[in-house]
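Visitor: Dropping in structure.cif, which is mmCIF, C-alpha atoms:
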data_entry
#
loop_
_atom_site.label_atom_id
_atom_site.label_comp_id
_atom_site.auth_asym_id
_atom_site.auth_seq_id
_atom_site.Cartn_x
_atom_site.Cartn_y
_atom_site.Cartn_z
CA MET A 1 -7.48 8.07 44.01
CA PRO A 2 -7.10 10.94 41.54
CA ASN A 3 -10.45 11.94 40.10
CA ARG A 4 -8.99 11.77 36.64
CA LEU A 5 -5.61 11.36 35.01
CA ASP A 6 -5.41 12.48 31.42
CA LEU A 7 -2.80 10.07 30.11
CA PRO A 8 -2.32 8.85 26.53
CA ALA A 9 -3.99 5.75 25.17
CA GLY A 10 -1.79 2.73 25.73
CA PHE A 11 -0.07 4.25 28.76
CA ARG A 12 1.75 1.41 30.52
CA TRP A 13 1.47 0.72 34.23
CA GLY A 14 4.17 -1.25 35.99
CA VAL A 15 6.43 -1.87 38.95
CA SER A 16 10.21 -2.19 39.14
CA THR A 17 12.64 -4.38 41.10
CA ALA A 18 16.30 -5.40 40.90
CA ALA A 19 17.89 -8.83 41.12
CA TYR A 20 20.22 -8.42 44.09
CA GLN A 21 17.55 -6.59 46.05
CA ILE A 22 14.95 -9.37 45.87
CA GLU A 23 16.26 -12.68 44.53
CA GLY A 24 18.42 -14.13 47.29
CA ALA A 25 19.75 -17.61 46.48
CA VAL A 26 23.20 -16.14 45.93
CA ASP A 27 24.94 -19.54 46.15
CA GLU A 28 22.42 -21.63 44.22
CA ASP A 29 22.35 -23.19 40.76
CA GLY A 30 25.81 -22.07 39.70
CA ARG A 31 25.49 -18.35 40.37
CA GLY A 32 28.86 -16.68 40.82
CA PRO A 33 29.67 -13.93 43.32
CA SER A 34 28.89 -10.33 42.46
CA VAL A 35 30.47 -7.14 43.73
CA TRP A 36 27.52 -6.77 46.10
CA ASP A 37 28.10 -10.21 47.62
CA THR A 38 31.67 -9.15 48.34
CA PHE A 39 30.91 -5.60 49.44
CA ALA A 40 28.13 -6.61 51.84
CA THR A 41 30.52 -8.79 53.83
CA ARG A 42 32.72 -5.81 54.73
CA PRO A 43 32.06 -4.78 58.35
CA TRP A 44 31.41 -1.12 57.53
CA ALA A 45 29.61 -1.49 54.21
CA VAL A 46 25.92 -2.19 54.94
CA ARG A 47 23.88 -1.06 57.90
CA ASP A 48 23.79 -3.72 60.64
CA GLY A 49 25.87 -6.06 58.49
CA GLN A 50 22.85 -7.08 56.44
CA THR A 51 23.25 -8.72 53.01
CA GLY A 52 21.15 -9.72 50.03
CA ALA A 53 21.89 -13.42 50.54
CA VAL A 54 18.19 -14.17 51.08
CA ALA A 55 16.51 -10.79 50.43
CA CYS A 56 12.87 -11.50 49.42
CA ASP A 57 13.67 -15.07 48.31
CA HIS A 58 12.16 -14.16 44.95
CA TYR A 59 14.28 -16.85 43.31
CA HIS A 60 12.03 -19.45 44.93
CA ARG A 61 8.88 -17.38 45.43
CA TRP A 62 8.57 -15.73 42.04
CA PRO A 63 5.19 -17.37 41.23
CA GLU A 64 3.74 -15.70 44.35
CA ASP A 65 5.22 -12.37 43.28
CA VAL A 66 3.86 -12.69 39.75
CA ALA A 67 0.45 -13.38 41.29
CA LEU A 68 0.77 -10.11 43.22
CA MET A 69 1.56 -8.33 39.97
CA ARG A 70 -1.40 -9.93 38.26
CA GLY A 71 -3.53 -8.71 41.14
CA LEU A 72 -2.42 -5.15 40.42
CA GLY A 73 -3.45 -5.46 36.77
CA LEU A 74 -0.03 -4.40 35.52
CA ASP A 75 0.95 -3.98 31.90
CA GLY A 76 4.65 -4.44 32.56
CA TYR A 77 7.24 -5.59 35.06
CA ARG A 78 10.71 -4.10 35.09
CA PHE A 79 13.21 -6.46 36.70
CA SER A 80 16.92 -7.00 36.33
CA ILE A 81 18.87 -10.05 35.26
CA ALA A 82 21.78 -11.03 37.49
CA TRP A 83 24.84 -11.22 35.30
CA PRO A 84 26.55 -13.63 37.77
CA ARG A 85 23.68 -16.10 37.26
CA ILE A 86 24.25 -16.10 33.51
CA GLN A 87 28.07 -15.99 33.44
CA PRO A 88 29.45 -16.71 36.91
CA THR A 89 32.85 -15.27 35.97
CA GLY A 90 31.49 -12.55 33.72
CA THR A 91 32.64 -14.17 30.50
CA GLY A 92 32.80 -17.47 28.68
CA ALA A 93 30.47 -20.37 29.32
CA VAL A 94 26.83 -19.65 30.05
CA ASN A 95 25.20 -21.15 33.14
CA PRO A 96 22.10 -23.07 31.92
CA ALA A 97 20.39 -22.99 35.32
CA GLY A 98 20.65 -19.21 35.48
CA LEU A 99 19.07 -18.75 32.08
CA ALA A 100 16.39 -21.29 32.97
CA PHE A 101 15.29 -19.20 35.96
CA TYR A 102 14.64 -16.16 33.79
CA ASP A 103 13.04 -18.39 31.17
CA ARG A 104 10.49 -19.48 33.78
CA LEU A 105 9.97 -15.94 35.02
CA VAL A 106 9.37 -14.53 31.53
CA ASP A 107 6.91 -17.29 30.68
CA GLY A 108 5.12 -16.78 34.00
CA LEU A 109 4.80 -13.05 33.35
CA LEU A 110 3.44 -13.58 29.86
CA GLU A 111 0.92 -16.11 31.13
CA ALA A 112 -0.23 -13.43 33.59
CA GLY A 113 -0.63 -10.91 30.77
CA ILE A 114 2.37 -8.85 31.92
CA THR A 115 5.06 -7.71 29.49
CA PRO A 116 8.62 -8.29 30.78
CA LEU A 117 10.95 -5.28 30.68
CA PRO A 118 14.38 -6.61 31.73
CA THR A 119 17.33 -4.50 32.79
CA LEU A 120 20.62 -6.12 31.85
CA PHE A 121 22.79 -4.40 34.46
CA HIS A 122 21.56 -3.19 37.84
CA TRP A 123 24.89 -2.90 39.67
CA ASP A 124 25.67 -6.60 40.35
CA LEU A 125 28.86 -6.96 38.30
CA PRO A 126 30.50 -10.40 38.52
CA GLN A 127 33.30 -10.14 41.07
CA VAL A 128 35.85 -11.66 38.69
CA LEU A 129 35.36 -8.72 36.32
CA GLU A 130 35.76 -6.26 39.18
CA ASP A 131 39.00 -7.97 40.12
CA ALA A 132 40.18 -7.14 36.60
CA GLY A 133 39.25 -3.46 37.00
CA GLY A 134 35.46 -3.47 36.74
CA TRP A 135 33.97 -0.56 34.83
CA LEU A 136 37.32 1.22 34.98
CA ASN A 137 38.51 -1.43 32.54
CA ARG A 138 37.40 -0.88 28.94
CA ASP A 139 37.23 -4.63 28.41
CA THR A 140 34.20 -4.84 30.73
CA ALA A 141 32.10 -3.09 28.07
CA TYR A 142 32.88 -5.89 25.61
CA ARG A 143 32.13 -8.56 28.20
CA PHE A 144 28.79 -6.83 28.77
CA ALA A 145 27.94 -7.16 25.08
CA GLU A 146 28.87 -10.84 25.20
CA TYR A 147 26.59 -11.37 28.19
CA THR A 148 23.80 -9.43 26.46
CA ALA A 149 24.01 -11.74 23.46
CA ALA A 150 23.70 -14.82 25.67
CA VAL A 151 20.58 -13.49 27.37
CA VAL A 152 18.86 -12.14 24.27
CA ASP A 153 19.55 -15.32 22.32
CA ARG A 154 17.53 -17.14 24.98
CA LEU A 155 14.79 -14.67 25.89
CA GLY A 156 14.61 -12.24 22.98
CA ASP A 157 11.84 -14.09 21.18
CA ARG A 158 9.44 -13.16 24.01
CA VAL A 159 10.82 -9.84 25.24
CA PRO A 160 10.30 -6.88 22.89
CA ALA A 161 12.20 -4.13 24.75
CA TRP A 162 15.30 -4.10 26.95
CA ILE A 163 16.97 -1.66 29.32
CA THR A 164 20.75 -1.87 29.10
CA LEU A 165 21.91 -0.07 32.26
CA ASN A 166 20.30 1.16 35.44
CA GLU A 167 21.48 4.53 36.75
CA PRO A 168 25.07 4.61 35.49
CA PHE A 169 25.56 7.93 37.31
CA VAL A 170 24.70 6.42 40.69
CA HIS A 171 26.84 3.35 40.05
CA MET A 172 29.82 5.49 39.07
CA VAL A 173 29.49 7.99 41.94
CA TYR A 174 28.44 5.70 44.78
CA GLY A 175 30.43 2.68 43.66
CA TYR A 176 33.62 4.16 42.20
CA ALA A 177 33.87 7.80 43.33
CA LEU A 178 32.60 7.75 46.93
CA GLY A 179 32.81 4.08 47.87
CA ILE A 180 29.45 3.87 49.64
CA HIS A 181 28.10 1.22 47.26
CA ALA A 182 29.79 -1.79 45.72
CA PRO A 183 32.54 -2.15 44.64
CA GLY A 184 33.49 0.36 47.33
CA ARG A 185 36.15 2.40 45.57
CA ALA A 186 36.69 6.03 46.57
CA LEU A 187 38.38 7.54 43.53
CA MET A 188 36.51 10.85 43.24
CA LEU A 189 37.03 12.29 39.73
CA ASP A 190 39.32 9.41 38.78
CA ALA A 191 36.09 7.37 38.61
CA LEU A 192 35.03 9.12 35.38
CA PRO A 193 36.29 6.33 33.07
CA ALA A 194 33.58 4.18 34.67
CA ALA A 195 31.04 6.57 33.17
CA HIS A 196 32.42 6.19 29.68
CA HIS A 197 32.88 2.44 29.85
CA GLN A 198 29.31 1.94 31.06
CA LEU A 199 28.04 4.02 28.15
CA LEU A 200 30.32 2.13 25.77
CA GLY A 201 28.85 -1.08 27.14
CA HIS A 202 25.40 0.34 26.45
CA GLY A 203 26.34 1.08 22.85
CA LEU A 204 27.79 -2.39 22.27
CA ALA A 205 24.79 -4.07 23.91
CA ALA A 206 22.43 -1.90 21.85
CA GLU A 207 24.01 -3.25 18.68
CA VAL A 208 23.31 -6.79 19.86
CA LEU A 209 19.71 -5.97 20.75
CA ARG A 210 19.06 -4.30 17.41
CA GLU A 211 20.50 -7.29 15.57
CA HIS A 212 17.70 -9.24 17.25
CA GLY A 213 15.10 -6.61 16.32
CA ARG A 214 14.56 -5.56 19.93
CA GLU A 215 13.93 -2.06 21.30
CA VAL A 216 16.65 -0.36 23.32
CA LEU A 217 16.24 1.80 26.42
CA ILE A 218 18.44 2.98 29.25
CA ALA A 219 17.29 3.96 32.76
CA ASN A 220 19.01 7.15 33.93
CA ASN A 221 18.70 8.67 37.38
CA LEU A 222 17.90 12.30 36.59
CA THR A 223 17.23 15.32 38.78
CA PRO A 224 16.20 18.91 38.09
CA VAL A 225 19.05 21.04 39.41
CA ARG A 226 18.17 24.30 41.12
CA PRO A 227 20.68 26.99 42.14
CA ALA A 228 20.39 27.92 45.82
CA THR A 229 20.14 31.61 44.88
CA ASP A 230 20.35 33.82 41.80
CA ASP A 231 23.97 34.64 42.64
CA PRO A 232 26.16 33.89 39.57
CA SER A 233 28.42 31.64 41.65
CA ASP A 234 25.45 29.48 42.67
CA VAL A 235 24.15 29.39 39.10
CA ALA A 236 27.58 28.31 37.80
CA ALA A 237 27.79 25.61 40.46
CA ALA A 238 24.32 24.32 39.52
CA ASP A 239 25.34 24.20 35.85
CA ALA A 240 28.42 22.18 36.77
CA TYR A 241 26.42 19.73 38.83
CA ASP A 242 23.80 19.37 36.08
CA ALA A 243 26.56 18.50 33.62
CA LEU A 244 27.88 15.79 35.92
CA HIS A 245 24.64 14.24 37.13
CA ASN A 246 22.34 14.60 34.13
CA ARG A 247 24.14 15.53 30.94
CA LEU A 248 27.18 13.25 31.32
CA PHE A 249 24.89 10.25 30.88
CA THR A 250 22.36 11.73 28.46
CA ASP A 251 24.19 14.04 26.04
CA PRO A 252 26.32 11.22 24.55
CA LEU A 253 23.19 9.16 23.90
CA LEU A 254 21.08 11.93 22.39
CA LEU A 255 23.62 14.44 21.07
CA GLY A 256 26.67 12.26 20.42
CA ARG A 257 29.00 14.27 22.65
CA TYR A 258 29.96 14.77 26.28
CA PRO A 259 29.02 18.00 28.07
CA ASP A 260 31.56 20.59 29.14
CA LEU A 261 33.19 19.30 32.33
CA SER A 262 35.91 21.94 32.47
CA ALA A 263 34.59 23.09 35.86
CA PHE A 264 35.93 19.78 37.17
CA GLY A 265 39.25 20.16 35.38
CA VAL A 266 38.24 17.33 33.04
CA THR A 267 38.70 17.34 29.27
CA GLU A 268 36.19 15.87 26.86
CA ASP A 269 38.15 12.61 26.54
CA LEU A 270 37.46 11.85 30.25
CA GLY A 271 41.04 11.24 31.16
CA GLY A 272 41.87 9.37 27.98
CA ALA A 273 39.00 6.89 28.24
CA VAL A 274 37.28 8.09 25.05
CA ARG A 275 38.65 6.65 21.83
CA PRO A 276 37.83 7.53 18.21
CA GLY A 277 34.45 6.11 17.21
CA ASP A 278 33.23 5.57 20.77
CA LEU A 279 30.70 8.38 20.82
CA LYS A 280 29.24 7.37 17.47
CA LEU A 281 28.80 3.85 18.84
CA ILE A 282 27.21 5.12 22.06
CA ALA A 283 24.70 7.31 20.22
CA GLY A 284 24.05 4.65 17.59
CA PRO A 285 20.81 5.21 15.66
CA GLY A 286 19.18 6.61 18.81
CA LEU A 287 17.25 5.20 21.73
CA ASP A 288 13.79 3.72 21.34
CA GLY A 289 12.95 5.13 24.74
CA LEU A 290 14.54 6.94 27.66
CA GLY A 291 13.89 5.53 31.10
CA VAL A 292 13.73 8.23 33.77
CA ASN A 293 14.27 7.37 37.43
CA TYR A 294 13.15 10.33 39.54
CA TYR A 295 13.14 10.78 43.30
CA ASN A 296 13.79 14.45 44.07
CA PRO A 297 15.31 17.71 42.80
CA THR A 298 18.80 18.83 43.80
CA ARG A 299 19.62 22.29 45.16
CA ILE A 300 23.18 23.46 44.55
CA ALA A 301 25.30 26.30 45.92
CA ALA A 302 28.78 27.59 45.22
CA PRO A 303 31.56 25.31 46.46
CA THR A 304 32.84 25.33 50.01
CA ASP A 305 35.28 22.47 49.39
CA PRO A 306 38.07 23.15 46.88
CA GLY A 307 37.81 19.58 45.61
CA LEU A 308 34.51 20.05 43.75
CA PRO A 309 32.90 23.03 41.95
CA PHE A 310 29.58 22.76 43.83
CA THR A 311 28.02 22.18 47.25
CA GLU A 312 24.68 20.47 47.76
CA ALA A 313 22.24 22.62 49.71
CA PRO A 314 19.13 21.38 51.53
CA ILE A 315 15.65 21.75 50.07
CA GLU A 316 13.61 23.24 52.89
CA GLY A 317 9.92 23.55 53.64
CA VAL A 318 8.82 20.25 52.08
CA PRO A 319 7.92 16.84 53.52
CA ARG A 320 10.57 14.13 53.67
CA THR A 321 10.51 10.37 53.29
CA ALA A 322 11.91 7.98 55.88
CA PHE A 323 15.13 8.13 53.85
CA GLY A 324 15.24 11.88 54.43
CA TRP A 325 14.62 12.61 50.75
CA PRO A 326 12.57 15.75 49.99
CA VAL A 327 9.14 15.10 48.48
CA VAL A 328 8.74 17.46 45.51
CA PRO A 329 6.31 15.97 42.99
CA ASP A 330 6.44 18.97 40.66
CA GLY A 331 10.15 18.31 40.27
CA LEU A 332 9.19 15.43 37.98
CA ARG A 333 7.22 17.75 35.71
CA GLU A 334 10.13 20.20 35.82
CA LEU A 335 12.56 17.44 34.89
CA LEU A 336 10.48 16.09 32.01
CA THR A 337 9.75 19.47 30.45
CA GLY A 338 13.41 20.39 30.90
CA LEU A 339 14.45 17.30 28.95
CA ARG A 340 12.11 18.26 26.13
CA SER A 341 13.46 21.81 26.08
CA ARG A 342 17.08 20.66 26.11
CA TYR A 343 16.90 17.84 23.56
CA GLY A 344 13.94 18.73 21.38
CA THR A 345 13.29 16.17 18.67
CA ALA A 346 16.32 14.15 19.81
CA LEU A 347 14.39 13.15 22.96
CA PRO A 348 12.76 9.75 22.45
CA PRO A 349 9.54 8.70 24.18
CA VAL A 350 9.98 8.65 27.94
CA THR A 351 9.00 5.99 30.46
CA ILE A 352 9.18 6.64 34.19
CA THR A 353 11.15 3.52 35.09
CA GLU A 354 11.46 4.30 38.82
CA ASN A 355 9.60 6.60 41.18
CA GLY A 356 8.75 5.75 44.75
CA CYS A 357 9.36 6.40 48.41
CA SER A 358 10.49 4.79 51.63
CA TYR A 359 8.29 4.98 54.72
CA GLY A 360 7.84 2.81 57.79
CA GLU A 361 6.32 -0.62 58.19
CA GLU A 362 2.73 0.62 58.34
CA LEU A 363 0.31 -1.28 56.13
CA ASP A 364 -1.97 1.76 55.94
CA ASP A 365 0.68 3.76 54.08
CA GLN A 366 -1.23 6.92 53.26
CA GLU A 367 1.99 8.90 52.86
CA ARG A 368 3.00 6.61 49.99
CA ILE A 369 -0.39 7.01 48.37
CA SER A 370 -0.06 10.79 48.57
CA TYR A 371 3.45 10.57 47.12
CA LEU A 372 2.40 8.43 44.16
CA ASP A 373 -0.69 10.55 43.52
CA GLY A 374 1.37 13.73 43.42
CA HIS A 375 3.98 12.33 41.08
CA LEU A 376 1.42 10.88 38.71
CA ARG A 377 -0.22 14.29 38.54
CA ALA A 378 3.22 15.66 37.62
CA VAL A 379 3.44 13.11 34.80
CA GLU A 380 0.02 14.21 33.61
CA ALA A 381 1.10 17.86 33.71
CA ALA A 382 4.26 17.11 31.72
CA GLY A 383 2.17 15.35 29.11
CA ALA A 384 -0.10 18.38 28.86
CA GLU A 385 3.02 20.44 28.14
CA GLY A 386 3.96 18.17 25.25
CA VAL A 387 6.27 15.55 26.74
CA ASP A 388 5.72 12.09 25.27
CA VAL A 389 5.50 9.93 28.42
CA ARG A 390 4.52 6.34 27.66
CA GLY A 391 4.45 4.64 31.07
CA TYR A 392 5.02 4.68 34.82
CA PHE A 393 6.80 1.96 36.79
CA THR A 394 6.78 2.58 40.51
CA TRP A 395 9.60 1.53 42.80
CA SER A 396 8.91 -1.00 44.11
CA LEU A 397 6.67 -4.04 44.20
CA LEU A 398 8.23 -5.39 47.42
CA ASP A 399 10.05 -4.12 50.44
CA ASN A 400 13.59 -5.29 49.70
CA PHE A 401 17.32 -5.05 50.36
CA GLU A 402 17.97 -1.34 49.95
CA TRP A 403 21.71 -1.44 49.18
CA ALA A 404 23.84 0.19 51.91
CA GLU A 405 20.72 0.68 54.06
CA GLY A 406 20.04 -3.06 54.17
CA TYR A 407 16.45 -3.77 55.19
CA HIS A 408 15.90 -0.46 56.98
CA GLN A 409 14.22 1.38 54.11
CA ARG A 410 10.91 0.08 52.78
CA PHE A 411 9.80 1.15 49.30
CA GLY A 412 7.29 -1.62 48.57
CA LEU A 413 3.62 -1.65 47.73
CA VAL A 414 3.83 -5.02 49.47
CA HIS A 415 5.20 -5.44 52.99
CA VAL A 416 7.71 -8.26 53.41
CA ASP A 417 8.42 -9.89 56.75
CA PHE A 418 12.05 -10.78 56.18
CA GLU A 419 12.00 -13.45 58.90
CA THR A 420 9.03 -15.39 57.49
CA GLN A 421 8.97 -14.05 53.90
CA VAL A 422 5.22 -13.43 54.29
CA ARG A 423 4.00 -10.83 51.80
CA THR A 424 1.19 -8.49 52.83
CA PRO A 425 -0.19 -5.90 50.40
CA LYS A 426 -0.31 -2.38 51.81
CA ALA A 427 -3.02 0.21 51.30
CA SER A 428 -0.92 1.64 48.44
CA TYR A 429 -1.17 -1.71 46.64
CA ALA A 430 -4.97 -1.49 46.64
CA TRP A 431 -4.81 2.19 45.65
CA TYR A 432 -2.52 1.48 42.69
CA ARG A 433 -4.65 -1.51 41.62
CA ASP A 434 -7.83 0.58 41.69
CA LEU A 435 -6.17 3.47 39.89
CA ILE A 436 -4.98 1.21 37.07
CA ALA A 437 -8.43 -0.35 36.74
CA ALA A 438 -10.14 3.05 36.72
CA GLN A 439 -7.76 4.43 34.09
CA ARG A 440 -8.41 1.42 31.88
CA ASP A 441 -12.15 1.92 32.25
CA ARG A 442 -11.82 5.58 31.27
CA SER A 443 -9.68 4.66 28.25
CA ALA A 444 -12.19 2.04 27.17
CA GLY A 445 -15.02 4.51 27.61
#
Before anything else, please render the file you have as structure tokens.
Guide:
Amino acid sequence: MPNRLDLPAGFRWGVSTAAYQIEGAVDEDGRGPSVWDTFATRPWAVRDGQTGAVACDHYHRWPEDVALMRGLGLDGYRFSIAWPRIQPTGTGAVNPAGLAFYDRLVDGLLEAGITPLPTLFHWDLPQVLEDAGGWLNRDTAYRFAEYTAAVVDRLGDRVPAWITLNEPFVHMVYGYALGIHAPGRALMLDALPAAHHQLLGHGLAAEVLREHGREVLIANNLTPVRPATDDPSDVAAADAYDALHNRLFTDPLLLGRYPDLSAFGVTEDLGGAVRPGDLKLIAGPGLDGLGVNYYNPTRIAAPTDPGLPFTEAPIEGVPRTAFGWPVVPDGLRELLTGLRSRYGTALPPVTITENGCSYGEELDDQERISYLDGHLRAVEAAGAEGVDVRGYFTWSLLDNFEWAEGYHQRFGLVHVDFETQVRTPKASYAWYRDLIAAQRDRSAG
């Protein structure tokens, strides 16, 4: 355990999950199919043909999982709501059984002293909407606002803050540009309208949330971008990648405009997707908080493929997770201080909404403890440099269905035997529990 973490009073400790990764019960109580239900049945889509049909069976075992959270002493739990449970076809009539599940979950969390922090969209778009174009179709943004209203009408009296979207960059790139996530389209730069329509959906949903007096956040996957060398061509490539990965999904929210994407041959209207008034709606009156999902920095070199203005270069000389991701804790400090430098007073308070690592099945997961310790020290360092960081939600409570990797990557503080559904807390669970308790004691003292 760190000897001391100098974090602000009221700093919130939490864990994060996502509906398709843990819930299972994909055919129960009126839930409709999502793009991930469809995608996972394709022979090439998910490693070993695994699906989220059962996952962690959280739909039936949620009281046990809330008890695990209570045992950690958490302040908050970030989870996602499955749109296909609420509106099986993505529009129209609301499914009462779907809302009732989240009703029970929210009440159970509150009884355990844990504040719910729901994410409205974590990649499980109703398949019917995808059949109509998905996030390439502007209408999906308006359907998202309709769905938001249905959920907030039911749960908003007990849930003070909401995250609209999870990682719109990853969903656009992996789902629409490269085809390695659902819905499995490989459109390259023609996927850019999916960026704008997700952000438009955020803006429309934010209006609904504010009408209910609720706080609005978004969870963006962000990475500090480092040029491979000081050569001007590498620096230019890194700037181009930064615009695509980071600024495309943050500048419109905080500055009311898109970044320069001319390196990609793209104009500021993103191929005609942007209409008058859209950017004002997306920026709205500002975010109440920015969720930051951080896993590693990105090193970029000049392009070797004429199709893109950059090439990703390996980060060498650092440890790697079981996923092969480089472990660079100071990258989180670099990212947070970079956000403050770039956006100044336009940057709202920040919450780390995801940060975690995949390792093997070992219960004595000392590598995960070292990872979390290092990244929390980076949060502390960013705070000392003036960044307003309000909380830390680690990914994840449970080993779960890890998208295209199926059940082969384990991010949980709690081990899950996917055959028996037995949950076993790892050493990192006890470490995180003790850290939270010690920080509370220091704050009280």
Visitor: Taking (10.6, -0.4, 38.1) in the file's coordinates as the center, which residues reach within 10 Å of it, counting only C-alpha atoms, put as a list in words?
Guide: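 Output of the proximity query reads Trp13, Gly14, Val15, Ser16, Thr17, Ala18, Gly76, Tyr77, Arg78, Phe79, Ser80, Leu117, Pro118, Thr119, Ala219, Gly291, Asn293, Ile352, Thr353, Glu354, Asn355, Gly356, Tyr392, Phe393, Thr394, Trp395, Ser396 and Leu397 of chain A.
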Visitor: Edge lengths and centre, in Å to one decimal, as JSON: that's what I need for the box along x, y and z that holds all listed atoms of region 336-346 of chain A plus 3 Å on each side.
Guide:
{"center_x": 13.4, "center_y": 18.0, "center_z": 25.3, "size_x": 13.3, "size_y": 13.7, "size_z": 19.3}
Visitor: Using the chain letters and numbering of this document, enumerate as a VMD selection string the residues selected by the PyMOL selection byres ((chain A and resi 304-307) around 12).
Guide: chain A and resid 188 to 189 233 to 234 237 263 to 265 300 to 303 308 to 313
Visitor: Skip Glu130 (chain A) itself and residues of its chain fewer than 3 positions away, then list as a count of residues only all residues within 9 Å of it, counting only C-alpha atoms.
Guide: 12
Visitor: So how far away is CA of Glu211 (chain A) from CA of Trp162 (chain A), in Å?
Guide: 12.9 Å
Visitor: To one decimal in Å, tell me the separation between CA of Val414 (chain A) and CA of His375 (chain A).
Guide: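 About the pair CA of Val414 (chain A) and CA of His375 (chain A): they are 19.3 Å apart.
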Visitor: When you look at region 69-75 of chain A with a cut-off of 12 Å (counting only C-alpha atoms), what residues show up, excluding the ones that are within fewer than 3 positions of it in the same chain? I need them as a VMD selection string.
Guide: chain A and resid 10 to 17 62 to 66 78 108 to 117 390 to 394 396 to 398 413 to 414 425 to 426 428 to 440
Visitor: Can those selected residues be exported to a file as a compact mmCIF listing (two decimals), in the coordinates of the input so that it contains C-alpha atoms?
Guide:
# COMPACT_ATOMS: atom_id res chain seq x y z
CA GLY A 10 -1.79 2.73 25.73
CA PHE A 11 -0.07 4.25 28.76
CA ARG A 12 1.75 1.41 30.52
CA TRP A 13 1.47 0.72 34.23
CA GLY A 14 4.17 -1.25 35.99
CA VAL A 15 6.43 -1.87 38.95
CA SER A 16 10.21 -2.19 39.14
CA THR A 17 12.64 -4.38 41.10
CA TRP A 62 8.57 -15.73 42.04
CA PRO A 63 5.19 -17.37 41.23
CA GLU A 64 3.74 -15.70 44.35
CA ASP A 65 5.22 -12.37 43.28
CA VAL A 66 3.86 -12.69 39.75
CA ARG A 78 10.71 -4.10 35.09
CA GLY A 108 5.12 -16.78 34.00
CA LEU A 109 4.80 -13.05 33.35
CA LEU A 110 3.44 -13.58 29.86
CA GLU A 111 0.92 -16.11 31.13
CA ALA A 112 -0.23 -13.43 33.59
CA GLY A 113 -0.63 -10.91 30.77
CA ILE A 114 2.37 -8.85 31.92
CA THR A 115 5.06 -7.71 29.49
CA PRO A 116 8.62 -8.29 30.78
CA LEU A 117 10.95 -5.28 30.68
CA ARG A 390 4.52 6.34 27.66
CA GLY A 391 4.45 4.64 31.07
CA TYR A 392 5.02 4.68 34.82
CA PHE A 393 6.80 1.96 36.79
CA THR A 394 6.78 2.58 40.51
CA SER A 396 8.91 -1.00 44.11
CA LEU A 397 6.67 -4.04 44.20
CA LEU A 398 8.23 -5.39 47.42
CA LEU A 413 3.62 -1.65 47.73
CA VAL A 414 3.83 -5.02 49.47
CA PRO A 425 -0.19 -5.90 50.40
CA LYS A 426 -0.31 -2.38 51.81
CA SER A 428 -0.92 1.64 48.44
CA TYR A 429 -1.17 -1.71 46.64
CA ALA A 430 -4.97 -1.49 46.64
CA TRP A 431 -4.81 2.19 45.65
CA TYR A 432 -2.52 1.48 42.69
CA ARG A 433 -4.65 -1.51 41.62
CA ASP A 434 -7.83 0.58 41.69
CA LEU A 435 -6.17 3.47 39.89
CA ILE A 436 -4.98 1.21 37.07
CA ALA A 437 -8.43 -0.35 36.74
CA ALA A 438 -10.14 3.05 36.72
CA GLN A 439 -7.76 4.43 34.09
CA ARG A 440 -8.41 1.42 31.88
Visitor: Env of Asp124 (chain A): 9 Å cut, atoms = all atoms listed in the file, seq-sep filter 5 positions within chain, self excluded. Answer as number ranges by chain.
Guide: A: 19-20, 33-37, 82-84, 182
Visitor: Take the residues just selected and output them with C-alpha atoms as a PDB file, in the coordinates of the input.
Guide:
ATOM      1  CA  ALA A  19      17.890  -8.830  41.120  1.00  0.00           C
ATOM      2  CA  TYR A  20      20.220  -8.420  44.090  1.00  0.00           C
ATOM      3  CA  PRO A  33      29.670 -13.930  43.320  1.00  0.00           C
ATOM      4  CA  SER A  34      28.890 -10.330  42.460  1.00  0.00           C
ATOM      5  CA  VAL A  35      30.470  -7.140  43.730  1.00  0.00           C
ATOM      6  CA  TRP A  36      27.520  -6.770  46.100  1.00  0.00           C
ATOM      7  CA  ASP A  37      28.100 -10.210  47.620  1.00  0.00           C
ATOM      8  CA  ALA A  82      21.780 -11.030  37.490  1.00  0.00           C
ATOM      9  CA  TRP A  83      24.840 -11.220  35.300  1.00  0.00           C
ATOM     10  CA  PRO A  84      26.550 -13.630  37.770  1.00  0.00           C
ATOM     11  CA  ALA A 182      29.790  -1.790  45.720  1.00  0.00           C
TER      12      ALA A 182
END
Visitor: Any idea what the distance is between CA of Ile22 (chain A) and CA of Asn400 (chain A)?
Guide: 5.8 Å
Visitor: Using all atoms listed in the file, which protein or nucleic acid residues come within 12 Å of Gly179 (chain A)? Drop anything in the same chain fewer than 5 positions from it, and give the result as a PyMOL selection string.
Guide: chain A and resi 39+44-46+170-174+184-188+191+404
Visitor: I'd like the neighbourhood of Leu7 (chain A) as a PDB file with C-alpha atoms, in the frame of the given file, where a residue qualifies if any of its atoms comes within 8 Å (using all atoms listed in the file), though same-chain residues fewer than 2 positions away should be ignored.
Guide:
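What ended up in result_31.pdb:
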ATOM      1  CA  LEU A   5      -5.610  11.360  35.010  1.00  0.00           C
ATOM      2  CA  ALA A   9      -3.990   5.750  25.170  1.00  0.00           C
ATOM      3  CA  PHE A  11      -0.070   4.250  28.760  1.00  0.00           C
ATOM      4  CA  GLU A 380       0.020  14.210  33.610  1.00  0.00           C
ATOM      5  CA  GLY A 383       2.170  15.350  29.110  1.00  0.00           C
TER       6      GLY A 383
END
